[in-house]
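Quick look at start_32.cif (mmCIF, C-alpha atoms and all ligand atoms):
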```
data_run
#
loop_
_atom_site.group_PDB
_atom_site.id
_atom_site.type_symbol
_atom_site.label_atom_id
_atom_site.label_comp_id
_atom_site.auth_asym_id
_atom_site.auth_seq_id
_atom_site.Cartn_x
_atom_site.Cartn_y
_atom_site.Cartn_z
ATOM 1 C CA MET A 1 -5.992 72.906 46.763
ATOM 2 C CA PRO A 2 -6.084 69.716 48.893
ATOM 3 C CA GLN A 3 -3.909 66.857 47.706
ATOM 4 C CA ILE A 4 -6.416 64.220 48.797
ATOM 5 C CA GLU A 5 -10.144 64.777 49.080
ATOM 6 C CA LEU A 6 -12.899 62.380 50.056
ATOM 7 C CA ARG A 7 -16.396 63.736 49.535
ATOM 8 C CA ASN A 8 -19.362 61.839 50.955
ATOM 9 C CA VAL A 9 -17.611 58.535 50.399
ATOM 10 C CA SER A 10 -19.483 55.298 51.139
ATOM 11 C CA LEU A 11 -18.344 51.756 50.501
ATOM 12 C CA SER A 12 -19.915 48.337 50.986
ATOM 13 C CA TYR A 13 -18.473 44.887 50.349
ATOM 14 C CA PHE A 14 -20.839 42.434 48.700
ATOM 15 C CA THR A 15 -20.747 38.667 48.751
ATOM 16 C CA LEU A 16 -23.393 36.350 47.269
ATOM 17 C CA LYS A 17 -25.123 36.180 50.640
ATOM 18 C CA SER A 18 -24.419 39.433 52.421
ATOM 19 C CA GLU A 19 -23.479 43.075 52.352
ATOM 20 C CA THR A 20 -20.961 44.641 54.734
ATOM 21 C CA GLU A 21 -21.416 48.385 54.907
ATOM 22 C CA ALA A 22 -17.895 49.503 55.791
ATOM 23 C CA LEU A 23 -17.881 53.276 55.267
ATOM 24 C CA ARG A 24 -20.710 55.794 55.181
ATOM 25 C CA ASP A 25 -20.389 59.460 54.229
ATOM 26 C CA VAL A 26 -16.701 59.943 54.915
ATOM 27 C CA HIS A 27 -15.291 63.423 54.407
ATOM 28 C CA LEU A 28 -11.585 64.137 54.529
ATOM 29 C CA SER A 29 -9.328 66.751 53.042
ATOM 30 C CA VAL A 30 -5.534 66.470 53.258
ATOM 31 C CA GLU A 31 -3.036 69.161 52.284
ATOM 32 C CA ASN A 32 0.378 68.640 50.743
ATOM 33 C CA GLY A 33 2.962 67.539 53.338
ATOM 34 C CA GLU A 34 0.470 66.754 56.101
ATOM 35 C CA PHE A 35 0.848 63.703 58.331
ATOM 36 C CA ILE A 36 -2.573 62.273 59.226
ATOM 37 C CA SER A 37 -3.296 59.389 61.614
ATOM 38 C CA ILE A 38 -6.463 57.340 61.536
ATOM 39 C CA VAL A 39 -7.663 55.456 64.604
ATOM 40 C CA GLY A 40 -10.859 53.510 65.158
ATOM 41 C CA PRO A 41 -12.286 50.222 66.405
ATOM 42 C CA SER A 42 -10.954 47.067 64.815
ATOM 43 C CA GLY A 43 -12.807 46.215 61.600
ATOM 44 C CA CYS A 44 -14.338 49.682 61.207
ATOM 45 C CA GLY A 45 -12.868 50.329 57.771
ATOM 46 C CA LYS A 46 -9.471 51.979 58.255
ATOM 47 C CA SER A 47 -7.669 49.796 55.709
ATOM 48 C CA THR A 48 -10.627 50.184 53.378
ATOM 49 C CA LEU A 49 -10.137 53.943 53.558
ATOM 50 C CA LEU A 50 -6.500 53.542 52.489
ATOM 51 C CA SER A 51 -7.510 51.238 49.614
ATOM 52 C CA LEU A 52 -9.902 53.937 48.400
ATOM 53 C CA ILE A 53 -7.193 56.612 48.546
ATOM 54 C CA SER A 54 -4.805 54.369 46.612
ATOM 55 C CA GLY A 55 -7.453 53.895 43.911
ATOM 56 C CA MET A 56 -7.398 50.107 44.320
ATOM 57 C CA ILE A 57 -11.126 50.126 45.061
ATOM 58 C CA GLN A 58 -13.838 52.611 44.107
ATOM 59 C CA PRO A 59 -16.579 54.031 46.359
ATOM 60 C CA ILE A 60 -20.194 53.059 45.734
ATOM 61 C CA LYS A 61 -21.136 56.644 46.534
ATOM 62 C CA GLY A 62 -19.198 59.893 46.676
ATOM 63 C CA ASP A 63 -15.866 60.916 45.199
ATOM 64 C CA VAL A 64 -12.194 60.379 45.912
ATOM 65 C CA LEU A 65 -9.989 63.080 44.386
ATOM 66 C CA LEU A 66 -6.210 63.178 44.185
ATOM 67 C CA PHE A 67 -4.710 66.489 43.079
ATOM 68 C CA ASN A 68 -8.259 67.676 42.318
ATOM 69 C CA LEU A 69 -8.894 64.863 39.830
ATOM 70 C CA PRO A 70 -11.349 61.998 40.382
ATOM 71 C CA LEU A 71 -9.467 58.775 41.087
ATOM 72 C CA LYS A 72 -10.545 56.019 38.711
ATOM 73 C CA GLU A 73 -7.741 53.469 39.027
ATOM 74 C CA ALA A 74 -4.702 52.597 41.173
ATOM 75 C CA SER A 75 -2.555 55.721 41.311
ATOM 76 C CA LYS A 76 1.198 55.750 40.724
ATOM 77 C CA ARG A 77 1.422 58.819 42.938
ATOM 78 C CA VAL A 78 0.631 56.692 45.981
ATOM 79 C CA GLY A 79 2.995 54.320 47.805
ATOM 80 C CA TYR A 80 2.179 51.765 50.507
ATOM 81 C CA MET A 81 3.958 50.631 53.640
ATOM 82 C CA LEU A 82 2.451 47.628 55.417
ATOM 83 C CA GLN A 83 2.819 45.661 58.632
ATOM 84 C CA HIS A 84 4.927 43.065 56.799
ATOM 85 C CA ASP A 85 7.925 44.311 54.849
ATOM 86 C CA PHE A 86 7.576 41.721 52.038
ATOM 87 C CA LEU A 87 11.303 41.817 51.313
ATOM 88 C CA PHE A 88 12.519 39.002 49.044
ATOM 89 C CA GLU A 89 14.850 36.907 51.189
ATOM 90 C CA TRP A 90 16.906 35.717 48.203
ATOM 91 C CA ARG A 91 17.710 39.246 47.005
ATOM 92 C CA ASP A 92 20.167 41.535 48.742
ATOM 93 C CA ILE A 93 18.985 44.865 50.173
ATOM 94 C CA LEU A 94 20.000 46.884 47.102
ATOM 95 C CA SER A 95 18.112 44.631 44.699
ATOM 96 C CA ASN A 96 15.103 44.584 47.016
ATOM 97 C CA VAL A 97 15.066 48.380 46.901
ATOM 98 C CA MET A 98 15.344 48.222 43.099
ATOM 99 C CA VAL A 99 12.250 46.012 42.621
ATOM 100 C CA GLY A 100 9.820 48.848 41.858
ATOM 101 C CA ALA A 101 12.277 50.457 39.448
ATOM 102 C CA GLU A 102 12.618 47.145 37.584
ATOM 103 C CA ILE A 103 8.857 46.631 37.377
ATOM 104 C CA ARG A 104 8.374 50.162 36.079
ATOM 105 C CA ARG A 105 11.278 49.686 33.653
ATOM 106 C CA MET A 106 13.110 52.754 34.945
ATOM 107 C CA ASP A 107 16.708 53.384 33.824
ATOM 108 C CA LEU A 108 18.488 50.845 36.037
ATOM 109 C CA LYS A 109 21.798 52.705 36.203
ATOM 110 C CA LEU A 110 20.077 55.837 37.501
ATOM 111 C CA ALA A 111 17.834 53.757 39.763
ATOM 112 C CA LYS A 112 20.875 52.059 41.312
ATOM 113 C CA GLU A 113 22.492 55.442 42.016
ATOM 114 C CA LYS A 114 19.281 56.637 43.613
ATOM 115 C CA ALA A 115 18.884 53.435 45.662
ATOM 116 C CA LEU A 116 22.443 53.665 46.995
ATOM 117 C CA SER A 117 22.065 57.327 47.803
ATOM 118 C CA LEU A 118 18.774 56.739 49.696
ATOM 119 C CA LEU A 119 20.255 53.786 51.606
ATOM 120 C CA ASP A 120 23.256 55.915 52.478
ATOM 121 C CA ARG A 121 21.189 58.917 53.516
ATOM 122 C CA TYR A 122 19.030 56.876 55.850
ATOM 123 C CA GLY A 123 21.787 54.921 57.575
ATOM 124 C CA LEU A 124 21.689 51.694 55.570
ATOM 125 C CA GLY A 125 24.557 52.318 53.152
ATOM 126 C CA GLY A 126 26.687 49.602 54.730
ATOM 127 C CA PHE A 127 23.948 47.000 54.250
ATOM 128 C CA ALA A 128 23.355 47.250 50.484
ATOM 129 C CA HIS A 129 24.786 43.792 49.889
ATOM 130 C CA HIS A 130 23.435 42.115 53.004
ATOM 131 C CA ASN A 131 20.457 39.790 52.828
ATOM 132 C CA PRO A 132 17.217 40.763 54.590
ATOM 133 C CA ASN A 133 17.666 38.053 57.252
ATOM 134 C CA GLN A 134 20.850 39.811 58.416
ATOM 135 C CA LEU A 135 18.869 42.943 59.348
ATOM 136 C CA SER A 136 16.733 43.719 62.418
ATOM 137 C CA GLY A 137 12.954 44.183 62.091
ATOM 138 C CA GLY A 138 13.292 47.965 62.310
ATOM 139 C CA MET A 139 15.991 48.080 59.629
ATOM 140 C CA ARG A 140 13.875 45.889 57.358
ATOM 141 C CA GLN A 141 10.976 48.322 57.686
ATOM 142 C CA ARG A 142 13.302 51.215 56.790
ATOM 143 C CA VAL A 143 14.348 49.272 53.693
ATOM 144 C CA ALA A 144 10.660 48.760 52.853
ATOM 145 C CA LEU A 145 10.082 52.515 53.068
ATOM 146 C CA ILE A 146 13.126 53.258 50.902
ATOM 147 C CA ARG A 147 11.855 50.731 48.329
ATOM 148 C CA THR A 148 8.576 52.673 48.275
ATOM 149 C CA LEU A 149 10.389 56.013 47.928
ATOM 150 C CA MET A 150 12.258 54.766 44.845
ATOM 151 C CA THR A 151 9.233 55.386 42.620
ATOM 152 C CA ASP A 152 8.829 58.846 44.134
ATOM 153 C CA PRO A 153 5.183 58.727 45.269
ATOM 154 C CA ASP A 154 3.698 62.003 46.558
ATOM 155 C CA ILE A 155 1.513 60.224 49.090
ATOM 156 C CA LEU A 156 2.489 57.443 51.497
ATOM 157 C CA LEU A 157 -0.149 55.172 52.995
ATOM 158 C CA LEU A 158 1.092 53.455 56.145
ATOM 159 C CA ASP A 159 -1.067 50.531 57.285
ATOM 160 C CA GLU A 160 0.027 49.520 60.816
ATOM 161 C CA PRO A 161 3.715 49.461 59.782
ATOM 162 C CA PHE A 162 4.964 49.234 63.393
ATOM 163 C CA SER A 163 2.564 46.718 64.859
ATOM 164 C CA ALA A 164 4.694 43.594 64.313
ATOM 165 C CA LEU A 165 7.700 45.071 66.136
ATOM 166 C CA ASP A 166 8.723 44.972 69.777
ATOM 167 C CA PHE A 167 8.088 48.092 71.846
ATOM 168 C CA GLN A 168 11.630 49.527 71.840
ATOM 169 C CA THR A 169 12.113 48.980 68.101
ATOM 170 C CA ARG A 170 8.707 50.446 67.427
ATOM 171 C CA LEU A 171 9.491 53.711 69.265
ATOM 172 C CA ASN A 172 12.841 54.139 67.525
ATOM 173 C CA LEU A 173 11.419 53.284 64.126
ATOM 174 C CA GLN A 174 8.601 55.812 64.551
ATOM 175 C CA ASP A 175 11.280 58.494 64.915
ATOM 176 C CA ASP A 176 13.197 57.212 61.881
ATOM 177 C CA ILE A 177 10.173 56.849 59.617
ATOM 178 C CA SER A 178 8.748 60.187 60.674
ATOM 179 C CA SER A 179 12.014 62.017 59.957
ATOM 180 C CA ILE A 180 12.445 60.278 56.572
ATOM 181 C CA ILE A 181 8.897 61.184 55.516
ATOM 182 C CA ARG A 182 9.265 64.807 56.616
ATOM 183 C CA ASP A 183 12.735 65.043 55.073
ATOM 184 C CA GLN A 184 11.271 63.831 51.767
ATOM 185 C CA GLY A 185 8.329 66.253 52.053
ATOM 186 C CA LYS A 186 5.752 63.510 51.521
ATOM 187 C CA THR A 187 2.118 63.501 52.561
ATOM 188 C CA ALA A 188 1.394 60.541 54.844
ATOM 189 C CA ILE A 189 -1.668 58.752 56.165
ATOM 190 C CA LEU A 190 -1.050 56.335 59.010
ATOM 191 C CA VAL A 191 -3.598 53.734 60.090
ATOM 192 C CA THR A 192 -2.969 52.483 63.605
ATOM 193 C CA HIS A 193 -4.753 51.059 66.625
ATOM 194 C CA ASP A 194 -2.144 52.687 68.881
ATOM 195 C CA ILE A 195 -3.337 56.093 70.113
ATOM 196 C CA SER A 196 0.094 57.115 71.400
ATOM 197 C CA GLU A 197 1.629 56.451 67.981
ATOM 198 C CA ALA A 198 -1.198 58.355 66.287
ATOM 199 C CA VAL A 199 -0.737 61.458 68.484
ATOM 200 C CA ALA A 200 3.069 61.387 68.505
ATOM 201 C CA MET A 201 3.454 61.159 64.729
ATOM 202 C CA ALA A 202 0.690 63.229 63.161
ATOM 203 C CA ASN A 203 -0.452 66.790 62.568
ATOM 204 C CA ARG A 204 -4.042 65.594 62.750
ATOM 205 C CA VAL A 205 -5.688 62.499 64.195
ATOM 206 C CA CYS A 206 -8.966 61.295 62.662
ATOM 207 C CA VAL A 207 -11.183 59.187 64.903
ATOM 208 C CA MET A 208 -13.516 56.738 63.194
ATOM 209 C CA SER A 209 -16.753 55.311 64.542
ATOM 210 C CA ARG A 210 -17.896 51.717 64.508
ATOM 211 C CA ARG A 211 -19.306 50.291 61.258
ATOM 212 C CA PRO A 212 -20.812 51.681 59.110
ATOM 213 C CA SER A 213 -17.933 53.931 59.860
ATOM 214 C CA THR A 214 -17.351 57.587 59.370
ATOM 215 C CA ILE A 215 -14.813 60.094 60.659
ATOM 216 C CA THR A 216 -16.427 61.440 63.806
ATOM 217 C CA THR A 217 -13.726 63.850 65.013
ATOM 218 C CA ILE A 218 -10.509 65.338 63.730
ATOM 219 C CA HIS A 219 -7.991 66.480 66.347
ATOM 220 C CA ASN A 220 -5.407 69.064 65.348
ATOM 221 C CA ILE A 221 -2.256 68.080 67.202
ATOM 222 C CA HIS A 222 -0.266 71.049 68.333
ATOM 223 C CA PHE A 223 2.656 71.084 70.722
ATOM 224 C CA SER A 224 3.897 74.295 72.306
ATOM 225 C CA ALA A 225 7.556 73.313 71.696
ATOM 226 C CA GLU A 226 9.229 75.721 69.291
ATOM 227 C CA GLN A 227 10.072 73.029 66.743
ATOM 228 C CA ARG A 228 7.896 70.059 65.948
ATOM 229 C CA PRO A 229 9.100 67.353 68.346
ATOM 230 C CA SER A 230 10.082 63.880 67.158
ATOM 231 C CA PRO A 231 7.547 61.170 68.090
ATOM 232 C CA LEU A 232 9.711 60.191 71.094
ATOM 233 C CA ASP A 233 9.903 63.777 72.341
ATOM 234 C CA ALA A 234 6.232 64.413 71.567
ATOM 235 C CA ARG A 235 5.363 61.908 74.287
ATOM 236 C CA LYS A 236 7.119 64.148 76.824
ATOM 237 C CA GLN A 237 5.169 67.299 75.881
ATOM 238 C CA PRO A 238 2.531 68.591 78.332
ATOM 239 C CA GLU A 239 -0.214 68.506 75.656
ATOM 240 C CA TYR A 240 0.419 64.877 74.750
ATOM 241 C CA THR A 241 -1.522 63.297 77.655
ATOM 242 C CA GLN A 242 -4.509 65.541 77.036
ATOM 243 C CA TYR A 243 -4.745 64.469 73.390
ATOM 244 C CA PHE A 244 -4.205 60.852 74.360
ATOM 245 C CA ASN A 245 -6.957 60.881 77.009
ATOM 246 C CA ARG A 246 -9.443 62.707 74.834
ATOM 247 C CA ILE A 247 -9.027 60.255 71.954
ATOM 248 C CA TRP A 248 -8.987 57.262 74.327
ATOM 249 C CA LYS A 249 -12.378 58.347 75.752
ATOM 250 C CA GLU A 250 -13.848 58.807 72.313
ATOM 251 C CA LEU A 251 -12.677 55.390 71.183
ATOM 252 C CA GLU A 252 -13.953 53.769 74.355
ATOM 253 C CA GLY A 253 -17.360 55.189 73.484
ATOM 254 C CA ASN A 254 -17.084 53.759 69.978
ATOM 255 C CA VAL A 255 -15.966 50.333 71.156
ATOM 256 C CA SER A 256 -18.491 49.976 73.994
ATOM 257 C CA ALA A 257 -21.207 50.911 71.530
ATOM 258 C CA ILE A 258 -20.158 47.828 69.532
ATOM 259 C CA ASN A 259 -20.197 45.543 72.564
ATOM 260 C CA GLY A 260 -23.333 47.041 74.090
HETATM 261 P P1 LIG B 301 -9.930 47.913 59.739
HETATM 262 O O1 LIG B 301 -8.762 48.232 58.865
HETATM 263 O O2 LIG B 301 -10.501 49.113 60.441
HETATM 264 O O3 LIG B 301 -9.668 46.791 60.714
HETATM 265 P P2 LIG B 301 -11.099 46.919 57.255
HETATM 266 O O4 LIG B 301 -11.093 48.099 56.362
HETATM 267 O O5 LIG B 301 -10.047 45.900 57.055
HETATM 268 O O6 LIG B 301 -11.127 47.398 58.794
HETATM 269 O O7 LIG B 301 -12.516 46.180 57.125
HETATM 270 C C1 LIG B 301 -13.766 46.859 57.341
HETATM 271 C C2 LIG B 301 -14.892 45.832 57.259
HETATM 272 O O8 LIG B 301 -15.025 45.358 55.931
HETATM 273 C C3 LIG B 301 -14.668 44.598 58.135
HETATM 274 O O9 LIG B 301 -15.913 44.180 58.661
HETATM 275 C C4 LIG B 301 -14.135 43.560 57.169
HETATM 276 O O10 LIG B 301 -14.478 42.249 57.597
HETATM 277 C C5 LIG B 301 -14.859 43.940 55.880
HETATM 278 N N1 LIG B 301 -14.048 43.632 54.683
HETATM 279 C C6 LIG B 301 -12.805 44.097 54.427
HETATM 280 N N2 LIG B 301 -12.371 43.664 53.220
HETATM 281 C C7 LIG B 301 -13.371 42.917 52.724
HETATM 282 C C8 LIG B 301 -13.554 42.173 51.514
HETATM 283 N N3 LIG B 301 -12.600 42.153 50.555
HETATM 284 N N4 LIG B 301 -14.713 41.493 51.334
HETATM 285 C C9 LIG B 301 -15.689 41.523 52.278
HETATM 286 N N5 LIG B 301 -15.597 42.210 53.443
HETATM 287 C C10 LIG B 301 -14.458 42.893 53.660
#
```

Exercise: express the given structure as structure tokens:
Amino acid sequence: MPQIELRNVSLSYFTLKSETEALRDVHLSVENGEFISIVGPSGCGKSTLLSLISGMIQPIKGDVLLFNLPLKEASKRVGYMLQHDFLFEWRDILSNVMVGAEIRRMDLKLAKEKALSLLDRYGLGGFAHHNPNQLSGGMRQRVALIRTLMTDPDILLLDEPFSALDFQTRLNLQDDISSIIRDQGKTAILVTHDISEAVAMANRVCVMSRRPSTITTIHNIHFSAEQRPSPLDARKQPEYTQYFNRIWKELEGNVSAING
């Protein structure tokens, strides 16, 4: 049974004066523990797709199912990671990580134990009582992911979480985030405009067309290495350039169709 299923999903945004048809007839099926990347021209509807999967918005046509059940409202089984970490500067790292637990009125003693153990496990144990401005951009994004993990979502939606970071930090953080997500056994959907990131991190890469957008191709990413390589090592695999070039060409077609 797929964990996430989109069947014939279409979505338009309406204002008083106009209609923007964002998505048309999108099909997608994601299994437990998969890591999916979504690439497509800017403004084609990638973030919209994530909003649909989170249950924050509903399709005008078609169905979104999580765990085989139609999604009617924002789901607690889904967590978000965004380009900005939205850490509260006046709270230390531990109390930032605890925010979700407080909002959901979880047992705070247990939540604190869990927060400290997650920070410890993922290399941030020594920073629990630091303020966010004492951490690097990459560390802040790791804190943001740990904050999301506190409420134990099954599905993580990652909307360009690396795009505000410098190149070196971005590469290292991709390795960190990827290993945390796989270690936790979560299902992940990453929206990115960076093809190399999409190929290096995911099991499958979905390519979207221009608006009204749909998923035109799904690439199964397979490396011949015995064990699944980290995103950094994936870039050194012989298959990597082939995937990159194939997806690049497809996207170029999509983008030039917009400009043409
Ligand atoms: P992407 O993430 O691929 O850049 P989005 O999903 O953000 O694209 O947006 C898809 C299209 O829908 C864009 O044309 C955008 O301007 C439009 N759009 C997004 N959100 C809204 C909204 N709340 N109201 C009206 N139009 C929107």

Ligand LIG 301 (chain B): which residues are within 7 Å, counting all atoms listed in the file? Reply as a ChimeraX atom specification. /A:13-15,20,22,40-49

Can you pull out the residues contacting A:His130? Cut-off 12 Å, using all atoms listed in the file, and skip same-chain residues under 5 positions away; I want them as a ChimeraX atom specification. /A:89-96,124-125,135-136,139-140,143

Nearby residues (all atoms listed in the file) at most 10 Å from stretch 241-254 of chain A, same-chain spacing under 5 positions excluded, as a PyMOL selection string: chain A and resi 39-41+194-200+205-211+216-222+234-236+259

Can you list what the PyMOL selection byres (((chain A and resi 31) around 8) and not hetatm) grabs from this structure, as a list of chain:residue names?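 Answer for the PyMOL selection byres (((chain A and resi 31) around 8) and not hetatm): A:Met1, A:Pro2, A:Gln3, A:Ile4, A:Ser29, A:Val30, A:Asn32, A:Gly33, A:Glu34, A:Thr187.
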
Just C-alpha atoms for this one: save the residues we selected as a PDB file, in the coordinates of the input.
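The new file selection_29.pdb reads:
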```
ATOM      1  CA  MET A   1      -5.992  72.906  46.763  1.00  0.00           C
ATOM      2  CA  PRO A   2      -6.084  69.716  48.893  1.00  0.00           C
ATOM      3  CA  GLN A   3      -3.909  66.857  47.706  1.00  0.00           C
ATOM      4  CA  ILE A   4      -6.416  64.220  48.797  1.00  0.00           C
ATOM      5  CA  SER A  29      -9.328  66.751  53.042  1.00  0.00           C
ATOM      6  CA  VAL A  30      -5.534  66.470  53.258  1.00  0.00           C
ATOM      7  CA  ASN A  32       0.378  68.640  50.743  1.00  0.00           C
ATOM      8  CA  GLY A  33       2.962  67.539  53.338  1.00  0.00           C
ATOM      9  CA  GLU A  34       0.470  66.754  56.101  1.00  0.00           C
ATOM     10  CA  THR A 187       2.118  63.501  52.561  1.00  0.00           C
TER      11      THR A 187
END
```

Separation of atom CA of A:Pro132 from atom CA of A:Ile181, in Å and rounded to one decimal: 22.1 Å

Straight-line distance linking atom CA of A:Glu113 with atom CA of A:Asn133, stated in Å to one decimal: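 Going from atom CA of A:Glu113 over to atom CA of A:Asn133 covers 23.6 Å.
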
Run the PyMOL selection byres (((chain A and resi 59-65) around 12) and not hetatm) on the file and write out the hits as a ChimeraX atom specification. /A:1-14,21-30,48-58,66-75

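Put simply, atom CA of A:Leu232 is 6.7 Å away from atom CA of A:Leu171.
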
Evaluating the PyMOL selection byres (((chain A and resi 98) around 7) and not hetatm) on the displayed file yields which residues, as a ChimeraX atom specification? /A:94-97,99-102,111-112,115,147

Set the distance at 8 Å and use all atoms listed in the file: which residues neighbour stretch 79-82 of chain A once local chain neighbours fewer than 6 positions away are removed? I'd like the list as a list in words.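 Near stretch 79-82 of chain A, the qualifying residues are Ser54, Ala144, Leu145, Thr148, Leu149, Pro153, Asp154, Ile155, Leu156, Leu157, Leu158, Asp159, Glu160 and Pro161 of chain A.
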
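Of the listed residues (A:Leu116, A:Leu87, A:Leu173, A:Ala164), A:Leu87 comes nearest to A:Asn131; the distances count only C-alpha atoms.
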
Using all atoms listed in the file, find the one residue out of A:Gln83, A:Ser213, A:Met150, A:Tyr240 that sits nearest to A:Ala225.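 Closest to A:Ala225 of all the choices is A:Tyr240.
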